[in-house]
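Raw contents of entry02.tsv, TSV, C-alpha atoms:
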```tsv
chain	number	residue	atom	x	y	z
A	1	MET	CA	81.24	37.62	-6.67
A	2	PRO	CA	80.33	34.04	-7.64
A	3	HIS	CA	79.36	33.32	-4.03
A	4	GLU	CA	76.95	36.26	-4.04
A	5	ILE	CA	75.37	35.04	-7.25
A	6	ILE	CA	74.92	31.54	-5.84
A	7	ARG	CA	73.47	32.97	-2.63
A	8	SER	CA	71.10	35.17	-4.61
A	9	ARG	CA	69.91	32.23	-6.71
A	10	ALA	CA	69.34	30.08	-3.58
A	11	THR	CA	67.35	32.87	-1.98
A	12	HIS	CA	65.30	33.25	-5.15
A	13	ILE	CA	64.63	29.51	-5.36
A	14	ALA	CA	63.63	29.37	-1.69
A	15	PHE	CA	61.31	32.33	-2.18
A	16	VAL	CA	59.67	30.79	-5.23
A	17	THR	CA	59.36	27.43	-3.48
A	18	GLY	CA	57.72	29.08	-0.47
A	19	ILE	CA	55.27	30.96	-2.65
A	20	ALA	CA	54.45	27.74	-4.53
A	21	ALA	CA	53.92	25.86	-1.27
A	22	ILE	CA	51.62	28.56	0.07
A	23	GLY	CA	49.72	28.60	-3.23
A	24	LEU	CA	49.38	24.84	-3.15
A	25	VAL	CA	47.95	24.94	0.37
A	26	LEU	CA	45.53	27.70	-0.57
A	27	TYR	CA	44.42	25.76	-3.64
A	28	ALA	CA	44.04	22.51	-1.72
A	29	TRP	CA	41.85	24.19	0.90
A	30	GLN	CA	40.00	26.27	-1.69
A	31	LEU	CA	40.97	29.51	0.03
A	32	PRO	CA	41.21	32.91	-1.66
A	33	PRO	CA	42.23	33.55	-4.37
A	34	PHE	CA	41.45	29.96	-5.36
A	35	THR	CA	37.89	29.96	-4.02
A	36	THR	CA	35.53	28.09	-6.38
A	37	ALA	CA	31.78	27.68	-6.61
A	38	ILE	CA	32.16	24.01	-7.60
A	39	GLU	CA	31.41	21.71	-4.65
A	40	THR	CA	32.86	18.23	-5.17
A	41	THR	CA	32.64	14.97	-3.23
A	42	GLU	CA	33.82	11.43	-3.84
A	43	ASN	CA	31.36	10.13	-1.26
A	44	ALA	CA	28.64	9.50	-3.82
A	45	TYR	CA	26.94	6.41	-5.22
A	46	THR	CA	24.31	5.40	-7.73
A	47	ARG	CA	20.97	4.34	-6.28
A	48	ALA	CA	17.78	2.61	-7.46
A	49	LYS	CA	14.57	1.28	-5.94
A	50	VAL	CA	15.64	-2.35	-5.60
A	51	THR	CA	12.69	-4.66	-4.90
A	52	PHE	CA	13.19	-8.03	-3.22
A	53	LEU	CA	10.54	-10.37	-4.61
A	54	ALA	CA	8.92	-12.79	-2.17
A	55	PRO	CA	5.85	-15.07	-2.34
A	56	GLN	CA	2.69	-14.32	-0.38
A	57	VAL	CA	1.90	-18.03	0.02
A	58	ALA	CA	3.95	-20.99	1.17
A	59	GLY	CA	4.64	-24.05	-0.94
A	60	HIS	CA	7.13	-25.95	-3.07
A	61	VAL	CA	8.67	-24.21	-6.07
A	62	ALA	CA	7.40	-25.89	-9.24
A	63	GLU	CA	9.20	-23.85	-11.92
A	64	VAL	CA	11.73	-21.03	-12.20
A	65	PHE	CA	11.44	-19.11	-15.47
A	66	VAL	CA	14.44	-16.75	-15.23
A	67	HIS	CA	18.17	-16.96	-14.65
A	68	ASP	CA	20.58	-14.71	-12.82
A	69	PHE	CA	20.77	-11.15	-14.23
A	70	ASP	CA	18.02	-11.65	-16.85
A	71	MET	CA	16.11	-8.64	-18.18
A	72	VAL	CA	12.38	-8.92	-17.43
A	73	LYS	CA	9.23	-7.01	-18.33
A	74	ALA	CA	6.40	-5.94	-16.05
A	75	GLY	CA	3.96	-8.83	-15.57
A	76	GLN	CA	6.43	-11.48	-16.73
A	77	SER	CA	6.21	-14.76	-14.79
A	78	LEU	CA	9.34	-15.42	-12.74
A	79	VAL	CA	8.58	-18.29	-10.35
A	80	LYS	CA	5.72	-20.78	-10.11
A	81	ILE	CA	4.74	-22.43	-6.81
A	82	ASP	CA	2.94	-25.79	-6.84
A	83	ASP	CA	-0.73	-24.78	-7.00
A	84	ARG	CA	-2.52	-28.13	-6.62
A	85	ILE	CA	-3.48	-27.53	-2.99
A	86	PHE	CA	-4.65	-24.01	-3.76
A	87	ARG	CA	-6.79	-25.25	-6.66
A	88	GLN	CA	-8.52	-27.71	-4.34
A	89	LYS	CA	-9.05	-24.98	-1.74
A	90	LEU	CA	-10.66	-22.85	-4.42
A	91	ALA	CA	-12.92	-25.74	-5.48
A	92	GLN	CA	-13.84	-26.31	-1.82
A	93	ALA	CA	-14.70	-22.64	-1.36
A	94	GLU	CA	-16.78	-22.62	-4.55
A	95	ALA	CA	-18.70	-25.69	-3.32
A	96	ALA	CA	-19.40	-23.99	0.00
A	97	LEU	CA	-20.63	-20.94	-1.92
A	98	ALA	CA	-22.96	-23.08	-4.03
A	99	SER	CA	-24.36	-24.67	-0.85
A	100	SER	CA	-24.93	-21.25	0.72
A	101	ARG	CA	-26.70	-20.01	-2.37
A	102	ALA	CA	-28.90	-23.13	-2.44
A	103	SER	CA	-29.85	-22.58	1.20
A	104	LEU	CA	-30.70	-18.98	0.39
A	105	ALA	CA	-32.87	-20.07	-2.54
A	106	SER	CA	-34.63	-22.63	-0.31
A	107	ASN	CA	-35.25	-19.91	2.25
A	108	ALA	CA	-36.81	-17.75	-0.45
A	109	GLN	CA	-39.18	-20.59	-1.28
A	110	ASP	CA	-39.98	-21.10	2.41
A	111	CYS	CA	-40.78	-17.40	2.64
A	112	LEU	CA	-43.28	-17.71	-0.23
A	113	VAL	CA	-44.92	-20.71	1.47
A	114	ALA	CA	-45.11	-18.83	4.78
A	115	GLU	CA	-46.72	-15.81	3.12
A	116	ALA	CA	-49.26	-18.12	1.46
A	117	SER	CA	-50.00	-19.65	4.87
A	118	VAL	CA	-50.67	-16.16	6.24
A	119	ARG	CA	-53.15	-15.48	3.47
A	120	ALA	CA	-54.87	-18.84	4.11
A	121	ALA	CA	-55.04	-18.12	7.85
A	122	GLU	CA	-56.53	-14.70	7.15
A	123	ALA	CA	-59.20	-16.31	4.97
A	124	THR	CA	-59.95	-18.90	7.66
A	125	LEU	CA	-60.27	-16.12	10.24
A	126	GLU	CA	-62.70	-14.23	8.03
A	127	GLY	CA	-64.79	-17.41	7.70
A	128	ALA	CA	-64.72	-17.91	11.46
A	129	LYS	CA	-65.87	-14.34	12.04
A	130	ALA	CA	-68.76	-14.88	9.60
A	131	SER	CA	-69.78	-18.04	11.46
A	132	VAL	CA	-69.78	-16.11	14.75
A	133	LYS	CA	-72.08	-13.50	13.25
A	134	VAL	CA	-74.52	-16.17	12.03
A	135	ALA	CA	-74.46	-18.05	15.33
A	136	ASN	CA	-74.94	-14.82	17.30
A	137	ALA	CA	-77.89	-13.84	15.08
A	138	ASN	CA	-79.53	-17.25	15.68
A	139	TRP	CA	-79.05	-16.86	19.42
A	140	GLU	CA	-80.59	-13.39	19.41
A	141	ARG	CA	-83.64	-14.73	17.51
A	142	ILE	CA	-84.20	-17.73	19.73
A	143	THR	CA	-83.75	-15.94	23.04
A	144	PRO	CA	-87.21	-14.19	23.06
A	145	LEU	CA	-88.83	-17.38	21.81
A	146	LEU	CA	-87.43	-19.25	24.79
A	147	ALA	CA	-88.85	-16.61	27.10
A	148	LYS	CA	-92.33	-17.03	25.58
A	149	GLY	CA	-92.06	-20.83	25.60
A	150	VAL	CA	-92.39	-21.03	21.84
A	151	ALA	CA	-88.94	-22.64	21.42
A	152	THR	CA	-87.85	-25.66	23.36
A	153	GLN	CA	-84.96	-25.59	25.78
A	154	ALA	CA	-83.12	-28.11	23.59
A	155	ASP	CA	-83.28	-25.71	20.65
A	156	GLY	CA	-81.92	-22.93	22.85
A	157	ASP	CA	-79.06	-25.08	24.13
A	158	ALA	CA	-78.12	-26.14	20.60
A	159	THR	CA	-78.13	-22.52	19.39
A	160	ARG	CA	-75.96	-21.40	22.33
A	161	ALA	CA	-73.53	-24.25	21.76
A	162	ALA	CA	-73.25	-23.31	18.08
A	163	LEU	CA	-72.41	-19.72	19.09
A	164	ASP	CA	-69.76	-20.83	21.56
A	165	GLN	CA	-68.25	-23.15	18.96
A	166	ALA	CA	-68.14	-20.36	16.39
A	167	ILE	CA	-66.37	-18.07	18.88
A	168	ALA	CA	-63.86	-20.80	19.68
A	169	ASN	CA	-63.21	-21.35	15.99
A	170	GLN	CA	-62.58	-17.61	15.58
A	171	HIS	CA	-60.03	-17.66	18.42
A	172	GLN	CA	-58.36	-20.67	16.84
A	173	ALA	CA	-58.19	-18.92	13.47
A	174	GLU	CA	-56.66	-15.82	15.10
A	175	ALA	CA	-53.99	-17.97	16.76
A	176	ALA	CA	-53.28	-19.74	13.47
A	177	LEU	CA	-52.88	-16.36	11.73
A	178	GLU	CA	-50.42	-15.16	14.39
A	179	THR	CA	-48.44	-18.39	14.03
A	180	ALA	CA	-48.28	-17.94	10.24
A	181	ARG	CA	-47.09	-14.35	10.66
A	182	GLN	CA	-44.36	-15.42	13.12
A	183	LYS	CA	-43.30	-18.04	10.61
A	184	VAL	CA	-42.84	-15.32	7.99
A	185	GLN	CA	-40.73	-13.23	10.40
A	186	SER	CA	-38.62	-16.26	11.28
A	187	THR	CA	-38.05	-16.95	7.60
A	188	ILE	CA	-37.01	-13.33	7.00
A	189	VAL	CA	-34.52	-13.46	9.89
A	190	GLY	CA	-33.17	-16.74	8.58
A	191	ARG	CA	-32.81	-15.16	5.14
A	192	GLN	CA	-30.58	-12.41	6.58
A	193	ALA	CA	-28.34	-15.04	8.16
A	194	LEU	CA	-28.19	-16.98	4.89
A	195	GLU	CA	-27.38	-13.82	2.92
A	196	ALA	CA	-24.50	-13.15	5.34
A	197	ALA	CA	-23.35	-16.74	4.83
A	198	VAL	CA	-23.40	-16.25	1.05
A	199	THR	CA	-21.34	-13.04	1.40
A	200	GLY	CA	-18.83	-14.89	3.59
A	201	SER	CA	-18.63	-17.74	1.09
A	202	GLU	CA	-18.05	-15.30	-1.77
A	203	ALA	CA	-15.23	-13.69	0.22
A	204	ALA	CA	-13.74	-17.13	0.89
A	205	VAL	CA	-13.83	-17.90	-2.85
A	206	GLU	CA	-12.13	-14.59	-3.65
A	207	LEU	CA	-9.43	-15.23	-1.03
A	208	ALA	CA	-8.85	-18.72	-2.42
A	209	ARG	CA	-8.61	-17.27	-5.93
A	210	ILE	CA	-6.11	-14.63	-4.72
A	211	ASP	CA	-3.98	-17.33	-3.06
A	212	LEU	CA	-4.08	-19.31	-6.30
A	213	ASP	CA	-3.00	-16.27	-8.30
A	214	ASN	CA	-0.21	-15.61	-5.80
A	215	THR	CA	1.36	-18.98	-6.58
A	216	GLU	CA	2.81	-17.27	-9.65
A	217	ILE	CA	5.34	-14.54	-8.84
A	218	ARG	CA	5.44	-11.90	-11.56
A	219	ALA	CA	7.70	-8.92	-12.16
A	220	PRO	CA	6.05	-5.74	-10.83
A	221	GLN	CA	7.99	-3.56	-13.29
A	222	ASP	CA	10.62	-3.62	-16.00
A	223	GLY	CA	14.16	-4.24	-14.86
A	224	ARG	CA	16.86	-6.83	-14.31
A	225	VAL	CA	16.81	-9.59	-11.72
A	226	GLY	CA	19.79	-10.24	-9.50
A	227	GLU	CA	20.89	-13.61	-8.22
A	228	VAL	CA	17.93	-16.00	-8.33
A	229	GLY	CA	17.63	-17.88	-5.04
A	230	ALA	CA	14.64	-20.06	-5.96
A	231	ARG	CA	15.20	-23.68	-7.00
A	232	PRO	CA	12.63	-26.22	-8.30
A	233	GLY	CA	11.45	-28.43	-5.45
A	234	GLN	CA	12.53	-25.95	-2.79
A	235	TYR	CA	9.98	-25.23	-0.05
A	236	VAL	CA	9.47	-21.52	0.51
A	237	SER	CA	7.38	-19.80	3.13
A	238	ALA	CA	5.53	-16.53	2.73
A	239	GLY	CA	8.00	-13.66	2.74
A	240	THR	CA	11.04	-15.68	1.66
A	241	GLN	CA	13.21	-13.49	-0.57
A	242	LEU	CA	13.59	-15.23	-3.93
A	243	MET	CA	15.45	-12.61	-5.98
A	244	PRO	CA	16.03	-8.85	-6.21
A	245	LEU	CA	14.64	-6.81	-9.09
A	246	VAL	CA	16.55	-3.69	-10.12
A	247	PRO	CA	14.52	-1.19	-12.21
A	248	GLU	CA	15.98	0.89	-15.01
A	249	ALA	CA	15.48	4.24	-13.25
A	250	LEU	CA	18.62	5.36	-11.40
A	251	TRP	CA	19.75	8.43	-9.52
A	252	VAL	CA	22.80	9.54	-7.56
A	253	VAL	CA	23.10	10.25	-3.84
A	254	ALA	CA	26.01	12.54	-2.99
A	255	ASN	CA	26.92	12.84	0.70
A	256	MET	CA	27.97	16.47	0.89
A	257	LYS	CA	29.71	18.03	3.88
A	258	GLU	CA	27.66	20.56	5.78
A	259	THR	CA	30.23	23.19	4.86
A	260	GLN	CA	29.40	22.66	1.17
A	261	LEU	CA	25.66	23.34	1.45
A	262	ALA	CA	25.53	27.10	2.01
A	263	GLN	CA	24.93	27.99	-1.65
A	264	MET	CA	23.54	24.68	-2.89
A	265	ARG	CA	20.03	24.78	-4.34
A	266	VAL	CA	17.59	22.43	-6.01
A	267	GLY	CA	17.95	22.69	-9.78
A	268	GLN	CA	21.68	23.45	-9.88
A	269	PRO	CA	23.64	21.46	-12.50
A	270	ALA	CA	25.93	18.63	-11.48
A	271	ARG	CA	28.69	16.70	-13.20
A	272	ILE	CA	29.00	12.98	-12.37
A	273	THR	CA	32.23	11.09	-13.03
A	274	VAL	CA	31.84	7.30	-13.03
A	275	ASP	CA	34.84	5.27	-11.88
A	276	ALA	CA	33.57	2.08	-13.51
A	277	MET	CA	33.45	3.73	-16.96
A	278	LYS	CA	37.02	5.02	-17.11
A	279	ARG	CA	35.87	8.21	-15.39
A	280	ALA	CA	33.29	8.97	-18.06
A	281	GLU	CA	31.25	12.08	-17.29
A	282	LEU	CA	27.48	12.40	-17.06
A	283	THR	CA	25.32	15.41	-16.31
A	284	GLY	CA	22.49	15.84	-13.87
A	285	HIS	CA	20.86	18.31	-11.51
A	286	VAL	CA	20.11	18.56	-7.81
A	287	THR	CA	16.55	17.51	-6.97
A	288	GLY	CA	16.44	17.33	-3.20
A	289	PHE	CA	18.09	17.23	0.20
A	290	ALA	CA	17.75	14.60	2.93
A	291	PRO	CA	15.69	15.65	5.98
A	292	ALA	CA	18.64	14.88	8.30
A	293	THR	CA	22.32	13.98	8.21
A	294	GLY	CA	23.44	10.40	7.88
A	295	ASN	CA	24.42	10.24	11.56
A	296	GLU	CA	20.81	10.87	12.60
A	297	PHE	CA	19.66	7.73	10.76
A	298	SER	CA	22.40	5.46	12.16
A	299	LEU	CA	21.56	2.88	14.82
A	300	LEU	CA	24.41	4.02	17.08
A	301	LYS	CA	24.43	7.79	17.15
A	302	THR	CA	27.50	9.74	18.22
A	303	ASP	CA	27.32	10.88	21.86
A	304	ASN	CA	29.28	14.11	22.11
A	305	ALA	CA	28.26	14.75	25.73
A	306	THR	CA	30.90	12.38	27.09
A	307	GLY	CA	34.69	12.45	26.80
A	308	ASN	CA	36.67	14.77	24.60
A	309	PHE	CA	34.86	16.41	21.72
A	310	THR	CA	36.34	16.46	18.23
A	311	LYS	CA	34.36	18.40	15.68
A	312	VAL	CA	33.76	16.43	12.49
A	313	ALA	CA	31.89	17.87	9.53
A	314	GLN	CA	28.62	16.00	9.09
A	315	ARG	CA	27.37	14.89	5.70
A	316	LEU	CA	23.92	15.44	4.25
A	317	PRO	CA	22.68	13.18	1.42
A	318	VAL	CA	21.81	15.15	-1.72
A	319	ARG	CA	19.74	13.55	-4.47
A	320	ILE	CA	20.87	14.15	-8.05
A	321	GLU	CA	18.78	13.11	-11.04
A	322	LEU	CA	20.57	12.20	-14.26
A	323	ASP	CA	19.66	14.25	-17.30
A	324	PRO	CA	17.85	12.36	-20.11
A	325	GLY	CA	19.42	11.58	-23.46
A	326	GLN	CA	22.68	10.09	-22.15
A	327	PRO	CA	23.37	6.59	-23.57
A	328	LEU	CA	25.89	5.79	-20.84
A	329	VAL	CA	23.12	5.90	-18.23
A	330	GLN	CA	21.88	2.54	-19.54
A	331	SER	CA	25.15	0.95	-18.41
A	332	LEU	CA	24.88	2.16	-14.81
A	333	VAL	CA	23.91	-0.14	-11.96
A	334	PRO	CA	23.08	0.73	-8.35
A	335	GLY	CA	25.94	0.97	-5.89
A	336	LEU	CA	28.67	2.32	-8.19
A	337	SER	CA	31.09	4.89	-6.80
A	338	VAL	CA	30.98	8.24	-8.55
A	339	VAL	CA	32.47	11.69	-8.10
A	340	VAL	CA	29.92	14.51	-8.01
A	341	SER	CA	30.59	18.18	-8.65
A	342	VAL	CA	27.78	20.72	-8.20
A	343	ASP	CA	28.05	24.22	-9.64
A	344	THR	CA	26.62	26.37	-6.85
A	345	SER	CA	27.13	29.59	-8.81
A	346	VAL	CA	24.17	28.77	-11.07
A	347	THR	CA	20.73	29.79	-9.91
A	348	PRO	CA	17.94	27.18	-10.22
A	349	ASP	CA	16.37	29.06	-13.15
A	350	GLU	CA	19.66	28.96	-15.06
A	351	GLY	CA	20.48	25.38	-14.14
A	352	SER	CA	17.15	23.74	-14.83
A	353	ALA	CA	13.98	25.36	-16.06
A	354	SER	CA	11.93	22.40	-14.90
A	355	ALA	CA	13.44	22.12	-11.44
A	356	PRO	CA	11.49	23.74	-8.56
A	357	SER	CA	13.08	26.78	-6.94
A	358	GLN	CA	14.05	25.80	-3.41
A	359	VAL	CA	16.59	27.02	-0.89
A	360	SER	CA	19.29	24.89	0.65
A	361	ALA	CA	18.49	22.60	3.56
A	362	LEU	CA	20.48	24.72	6.03
A	363	ASP	CA	18.79	27.98	4.94
A	364	ALA	CA	15.38	26.36	5.33
A	365	GLU	CA	16.17	25.12	8.83
A	366	GLU	CA	17.61	28.45	10.01
A	367	ALA	CA	14.91	30.65	8.45
A	368	ALA	CA	12.46	32.23	10.88
A	369	PRO	CA	8.71	31.83	10.20
A	370	GLY	CA	7.58	34.32	7.59
A	371	THR	CA	11.07	34.79	6.14
A	372	GLU	CA	11.49	34.67	2.36
A	373	ILE	CA	14.73	33.15	1.03
A	374	GLY	CA	15.46	32.37	-2.62
A	375	GLY	CA	11.80	32.68	-3.59
A	376	ALA	CA	10.59	30.29	-0.87
A	377	ARG	CA	8.63	31.52	2.15
A	378	PHE	CA	8.89	29.95	5.63
```
Write out the structure in this file as structure tokens.
Amino acid sequence: MPHEIIRSRATHIAFVTGIAAIGLVLYAWQLPPFTTAIETTENAYTRAKVTFLAPQVAGHVAEVFVHDFDMVKAGQSLVKIDDRIFRQKLAQAEAALASSRASLASNAQDCLVAEASVRAAEATLEGAKASVKVANANWERITPLLAKGVATQADGDATRAALDQAIANQHQAEAALETARQKVQSTIVGRQALEAAVTGSEAAVELARIDLDNTEIRAPQDGRVGEVGARPGQYVSAGTQLMPLVPEALWVVANMKETQLAQMRVGQPARITVDAMKRAELTGHVTGFAPATGNEFSLLKTDNATGNFTKVAQRLPVRIELDPGQPLVQSLVPGLSVVVSVDTSVTPDEGSASAPSQVSALDAEEAAPGTEIGGARF
């Protein structure tokens, strides 16, 4: 009898242990009846638009106004490059501009003189034409007198010579007028060239002023600088990275497995657990999906056409915005590891009234043209 009791207890314990083991496996693999709508991943990190500040001009660093990890405001001066050479280049460009403007003003005066010469030549031509008329009238009067013998041949020769001289003077006046007009045209053409020179000089002054302004590197936005690599006296070339600037705006990128995306939508709520804050929890919501998996953006893509194939679930980056009004967000920095859990049972309207209603990335890719899924049409 005692042996039967012991055997019965052992069988009962083995049965319970087996059931517990099966239940544990089902729970671990999220199989029925332990299926859950919460999709969780530890492959998630905080992100921000980190800007690496670099000068646009080369030169020696004159001053550094910030230290490592300082908070800065937009427009705040961070680094100053020696600007003496750039000031002289600006002065040189301004002098060239002044010279170009003086040449243009001189050309304007030359144009006035040339136009006055045209008017004088026109007046001279009119006088020459009048002289021709008078000389021609004298010749017409004396011609019949010569035929009758009333006028002497000497008088006729003098009258004819006066007419020829008047005609020659008219031709000379016409040539002088054409020369004056060509002078005006030449002055106008020269003015166009001088105006172009003034425009070029103004551009050179503006470029020199921009280079001078670029000797002072300023913060493009509010944030915190990283390690400052600039040192006074150091020579830096254009494009040399001096320091990173991390803005205050942060978000989370969760690399979800493709098997977790079937019911995931933009606007669904998410819970973010931060390892660096003793697993403090923050809230957020899904705002977008990457256009491709991480493997597609890698330099060395996996080639499954050779050798043995082992199927590995790919991961798709999912962007999660942090909800406002959470003081702990101010303590976050980019690159922290977090654990993200997305509640896929919530529809976008329930999860976030402000979030746009979109379908999951996989549904959008598989949808045929003209198909409507989750309120979105493809």
Taking (12.3, -3.8, -14.3) in the file's coordinates, which residues come within 8 Å, counting all atoms listed in the file, written as a PyMOL selection string? chain A and resi 71-74+219-225+245-248
Point-to-point distance in Å for atom CA of Pro334 of chain A and atom CA of Met277 of chain A: 13.8 Å
Of the candidates A:Gln165, A:Ser201, A:Thr11, A:Gln109, which shows the shortest atom-to-atom distance to Thr187 of chain A, using all atoms listed in the file?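 Smallest distance to Thr187 of chain A is found for A:Gln109.
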Between atom CA of Met264 of chain A and atom CA of Ala290 of chain A, distance in Å (one decimal): 13.0 Å
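For the pair atom CA of Ala96 of chain A and atom CA of Ala58 of chain A, the interatomic distance is 23.6 Å.
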Measuring atom to atom with all atoms listed in the file, identify which of A:Ala98, A:Ala116, A:Met243, A:Ala37 is nearest to Pro269 of chain A. A:Ala37
Write out as a list in words the residues lying within 7 Å of Ala208 of chain A, counting all atoms listed in the file and excluding same-chain residues fewer than 2 positions away. Phe86, Lys89, Leu90, Ala204, Val205, Glu206, Ile210, Asp211 and Leu212 of chain A
Based on the selection just made, write C-alpha atoms of those residues as a PDB file, keeping the file's coordinate frame.
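And here is the file that came out, out.pdb:
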```pdb
ATOM      1  CA  PHE A  86      -4.650 -24.010  -3.760  1.00  0.00           C
ATOM      2  CA  LYS A  89      -9.050 -24.980  -1.740  1.00  0.00           C
ATOM      3  CA  LEU A  90     -10.660 -22.850  -4.420  1.00  0.00           C
ATOM      4  CA  ALA A 204     -13.740 -17.130   0.890  1.00  0.00           C
ATOM      5  CA  VAL A 205     -13.830 -17.900  -2.850  1.00  0.00           C
ATOM      6  CA  GLU A 206     -12.130 -14.590  -3.650  1.00  0.00           C
ATOM      7  CA  ILE A 210      -6.110 -14.630  -4.720  1.00  0.00           C
ATOM      8  CA  ASP A 211      -3.980 -17.330  -3.060  1.00  0.00           C
ATOM      9  CA  LEU A 212      -4.080 -19.310  -6.300  1.00  0.00           C
TER      10      LEU A 212
END
```
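Across A:Pro55, A:Gly284, A:Gly325, A:Pro317, the tightest approach to Ser341 of chain A is made by A:Gly284 when counting only C-alpha atoms.
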Residues within 10 Å of segment 295-302 of chain A, please, as a ChimeraX atom specification. Count all atoms listed in the file; anything in the same chain fewer than 6 positions from it doesn't count. /A:314-316
Taking 2 positions as the minimum chain separation for residues in the same chain, which residues sit within 8 Å of segment 44-52 of chain A when counting all atoms listed in the file? Answer as a PDB file with C-alpha atoms, in the frame of the given file.
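Okay, this is what ended up in out_38.pdb:
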```pdb
ATOM      1  CA  THR A  41      32.640  14.970  -3.230  1.00  0.00           C
ATOM      2  CA  GLU A  42      33.820  11.430  -3.840  1.00  0.00           C
ATOM      3  CA  ALA A  54       8.920 -12.790  -2.170  1.00  0.00           C
ATOM      4  CA  GLN A 241      13.210 -13.490  -0.570  1.00  0.00           C
ATOM      5  CA  LEU A 242      13.590 -15.230  -3.930  1.00  0.00           C
ATOM      6  CA  MET A 243      15.450 -12.610  -5.980  1.00  0.00           C
ATOM      7  CA  PRO A 244      16.030  -8.850  -6.210  1.00  0.00           C
ATOM      8  CA  LEU A 245      14.640  -6.810  -9.090  1.00  0.00           C
ATOM      9  CA  VAL A 246      16.550  -3.690 -10.120  1.00  0.00           C
ATOM     10  CA  PRO A 247      14.520  -1.190 -12.210  1.00  0.00           C
ATOM     11  CA  GLU A 248      15.980   0.890 -15.010  1.00  0.00           C
ATOM     12  CA  ALA A 249      15.480   4.240 -13.250  1.00  0.00           C
ATOM     13  CA  LEU A 250      18.620   5.360 -11.400  1.00  0.00           C
ATOM     14  CA  TRP A 251      19.750   8.430  -9.520  1.00  0.00           C
ATOM     15  CA  VAL A 252      22.800   9.540  -7.560  1.00  0.00           C
ATOM     16  CA  VAL A 253      23.100  10.250  -3.840  1.00  0.00           C
ATOM     17  CA  ALA A 254      26.010  12.540  -2.990  1.00  0.00           C
ATOM     18  CA  ASN A 255      26.920  12.840   0.700  1.00  0.00           C
ATOM     19  CA  LEU A 332      24.880   2.160 -14.810  1.00  0.00           C
ATOM     20  CA  VAL A 333      23.910  -0.140 -11.960  1.00  0.00           C
ATOM     21  CA  PRO A 334      23.080   0.730  -8.350  1.00  0.00           C
ATOM     22  CA  GLY A 335      25.940   0.970  -5.890  1.00  0.00           C
ATOM     23  CA  LEU A 336      28.670   2.320  -8.190  1.00  0.00           C
ATOM     24  CA  SER A 337      31.090   4.890  -6.800  1.00  0.00           C
ATOM     25  CA  VAL A 338      30.980   8.240  -8.550  1.00  0.00           C
ATOM     26  CA  VAL A 339      32.470  11.690  -8.100  1.00  0.00           C
ATOM     27  CA  VAL A 340      29.920  14.510  -8.010  1.00  0.00           C
TER      28      VAL A 340
END
```
With distances taken over only C-alpha atoms, the candidate from A:Gln56, A:Thr287, A:Asn138, A:Thr17 nearest Val266 of chain A is A:Thr287
Counting all atoms listed in the file, the option among A:Ile13, A:Ala173, A:Ala147, A:Val236 closest to Val57 of chain A: A:Val236
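Counting all atoms listed in the file, Gln170 of chain A has the following residues at most 9 Å away, ignoring those fewer than 4 positions along the same chain: A:Thr124, A:Leu125, A:Glu126, A:Gly127, A:Ala128, A:Lys129, A:Ser131, A:Val132, A:Gln165, A:Ala166, A:Glu174, A:Ala175.
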Point out the residue among A:Ser117, A:Ser99, A:Asn107, A:Ser77 with the least atom-to-atom distance to Val189 of chain A, counting all atoms listed in the file. A:Asn107
Would you kindly return, as number ranges by chain, each protein, DNA or RNA residue with an atom no farther than 12 Å from any atom of Thr143 of chain A, considering all atoms listed in the file and excluding same-chain residues fewer than 3 positions away? A: 136-140, 146-153, 155-160
